[in-house]
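Written below as structure tokens is the structure these notes are about.
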Amino acid sequence: MGIAFLSAKRSKDPNRKVGACIVNKKNRIISTGYNGFPDASTKADEYFPWTKEEKHKYVCHAELNAIVNKNATSLEDCILYSTLFPCNECAKLLIQSRIKHVIYFSDDKADKDAYKASRALFVQADVHTTHYKDLHRRVGVPPLTEIKLEFTPPQDG
């Protein structure tokens with residue numbers, strides 16, 4: 001989940017930074033993604049609006065970007081970590097990619113139709129979903145609440 005949050009930091013969305021990380025059965029990172037406009041090299045960030053009303057027409061979600069950013073490895077039976085529960089459009093992509101488990105951090109849009117639809121899609125496709133906090137309750141380990149990165153070179157000796 002920490003890598004998903006770290007990926008989210010790359011998003012230029014001023015309202016909601018979303019990140020995703022896909023890992024394989026051995027917990028090795030396959031891909032990461034964050035929400036943003038298609039192909040940032042085209043200066044889309046400067047052209048399209050980031051307003052809540054307009055951005056949804058243009059933004060690629062973190063889950064989609066994680067799927068298309070993957071290396072040549074199959075995503076079958078992989079796990080997606082996401083900072084936000086996936087919408088119905090991303091759920092369809094995840095199912096088509098054969099991802100079998102989604103671990104999410106936030107579900108604050110659960111009452112919206114797109115997120116109700118994604119839950120129904122996941123149930124039908126036998127994709128398991130787990131809230132990050134529940135994952136840690138099961139194993140008796142407190143959830144990670146912060147990551148501290150220090151850019152200090154190691155000392156000799």
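Residue numbering restarts at 1 in every chain; chains get A, B, ... in the order shown in the structure tokens, and ligands count up from 1 in that same order.
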
### Message
So that I can check the surroundings of Ile95 of chain A, please list as a list in words every protein, DNA and RNA residue that reaches within 10 Å of it, counting only C-alpha atoms and ignoring chain neighbours fewer than 6 positions away.
### Response
Glu76, His101, Leu121, Phe122, Gln124, Ala125, Asp126 and Val127 of chain A

N, CA and C atoms of the current selection, written as an mmCIF file, in the first residue's frame:
data_model
loop_
_atom_site.group_PDB
_atom_site.id
_atom_site.type_symbol
_atom_site.label_atom_id
_atom_site.label_comp_id
_atom_site.auth_asym_id
_atom_site.auth_seq_id
_atom_site.Cartn_x
_atom_site.Cartn_y
_atom_site.Cartn_z
ATOM 1 N N GLU A 76 -2.500 -12.105 -14.386
ATOM 2 C CA GLU A 76 -3.373 -13.151 -13.869
ATOM 3 C C GLU A 76 -3.011 -13.490 -12.417
ATOM 4 N N HIS A 101 -7.519 -10.013 -6.693
ATOM 5 C CA HIS A 101 -7.666 -9.443 -5.352
ATOM 6 C C HIS A 101 -7.386 -7.948 -5.423
ATOM 7 N N LEU A 121 -19.680 -6.147 -10.034
ATOM 8 C CA LEU A 121 -18.784 -6.759 -11.021
ATOM 9 C C LEU A 121 -17.756 -7.657 -10.348
ATOM 10 N N PHE A 122 -17.161 -7.186 -9.269
ATOM 11 C CA PHE A 122 -16.152 -7.979 -8.564
ATOM 12 C C PHE A 122 -16.750 -9.268 -7.997
ATOM 13 N N GLN A 124 -19.400 -10.929 -9.119
ATOM 14 C CA GLN A 124 -19.703 -11.813 -10.244
ATOM 15 C C GLN A 124 -18.436 -12.464 -10.787
ATOM 16 N N ALA A 125 -17.326 -11.740 -10.810
ATOM 17 C CA ALA A 125 -16.078 -12.248 -11.383
ATOM 18 C C ALA A 125 -15.187 -12.939 -10.359
ATOM 19 N N ASP A 126 -15.661 -13.058 -9.125
ATOM 20 C CA ASP A 126 -14.902 -13.700 -8.046
ATOM 21 C C ASP A 126 -13.566 -12.988 -7.771
ATOM 22 N N VAL A 127 -13.608 -11.656 -7.814
ATOM 23 C CA VAL A 127 -12.458 -10.845 -7.431
ATOM 24 C C VAL A 127 -12.676 -10.434 -5.975
#

### Task
List every residue of chain A that DSSP, applied to the backbone of this structure, places in helix (DSSP H, G or I), and write the result as number ranges by chain.
A: 2-8, 40-42, 44-47, 55-57, 62-68, 88-96, 113-124, 132-139

### Message
For the strand (DSSP E or B) assignment from backbone DSSP, which residues of chain A qualify? Please present them as an NGL selection string.
### Response
:A and (19-23 or 29-34 or 36 or 60 or 79-84 or 101-106 or 128-131)

Just to be explicit: take each residue in the selection above, keep C-alpha atoms, and write the result as an mmCIF file, in the first residue's frame.
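Output file selection-v1.cif is given in full below:
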data_model
loop_
_atom_site.group_PDB
_atom_site.id
_atom_site.type_symbol
_atom_site.label_atom_id
_atom_site.label_comp_id
_atom_site.auth_asym_id
_atom_site.auth_seq_id
_atom_site.Cartn_x
_atom_site.Cartn_y
_atom_site.Cartn_z
ATOM 1 C CA GLY A 19 -2.180 5.672 -6.690
ATOM 2 C CA ALA A 20 -2.130 1.979 -7.501
ATOM 3 C CA CYS A 21 0.414 -0.819 -7.286
ATOM 4 C CA ILE A 22 0.090 -4.315 -8.761
ATOM 5 C CA VAL A 23 2.051 -7.160 -7.193
ATOM 6 C CA ILE A 29 5.935 -5.214 -7.891
ATOM 7 C CA ILE A 30 4.642 -5.653 -11.419
ATOM 8 C CA SER A 31 3.475 -2.100 -12.072
ATOM 9 C CA THR A 32 2.378 1.209 -10.586
ATOM 10 C CA GLY A 33 0.091 4.002 -11.716
ATOM 11 C CA TYR A 34 -1.461 7.267 -10.637
ATOM 12 C CA GLY A 36 -3.517 11.858 -14.596
ATOM 13 C CA CYS A 60 -6.942 8.194 -16.735
ATOM 14 C CA ILE A 79 -3.120 -8.236 -6.373
ATOM 15 C CA LEU A 80 -3.923 -4.561 -6.877
ATOM 16 C CA TYR A 81 -3.290 -2.145 -4.026
ATOM 17 C CA SER A 82 -5.166 1.124 -4.505
ATOM 18 C CA THR A 83 -5.516 4.222 -2.394
ATOM 19 C CA LEU A 84 -9.189 4.415 -3.495
ATOM 20 C CA HIS A 101 -7.666 -9.443 -5.352
ATOM 21 C CA VAL A 102 -8.101 -5.721 -4.732
ATOM 22 C CA ILE A 103 -6.840 -4.187 -1.505
ATOM 23 C CA TYR A 104 -8.013 -0.611 -1.098
ATOM 24 C CA PHE A 105 -7.380 2.114 1.459
ATOM 25 C CA SER A 106 -10.345 4.468 1.088
ATOM 26 C CA HIS A 128 -11.860 -10.484 -3.702
ATOM 27 C CA THR A 129 -11.819 -7.023 -2.163
ATOM 28 C CA THR A 130 -10.287 -6.170 1.187
ATOM 29 C CA HIS A 131 -10.143 -2.906 3.056
#

#### Entry: Which residue of A:Glu89, A:Asp39, A:Asp45, A:Asp77 approaches Glu63 of chain A most closely, using only C-alpha atoms
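Closest to Glu63 of chain A of all the choices is A:Glu89.
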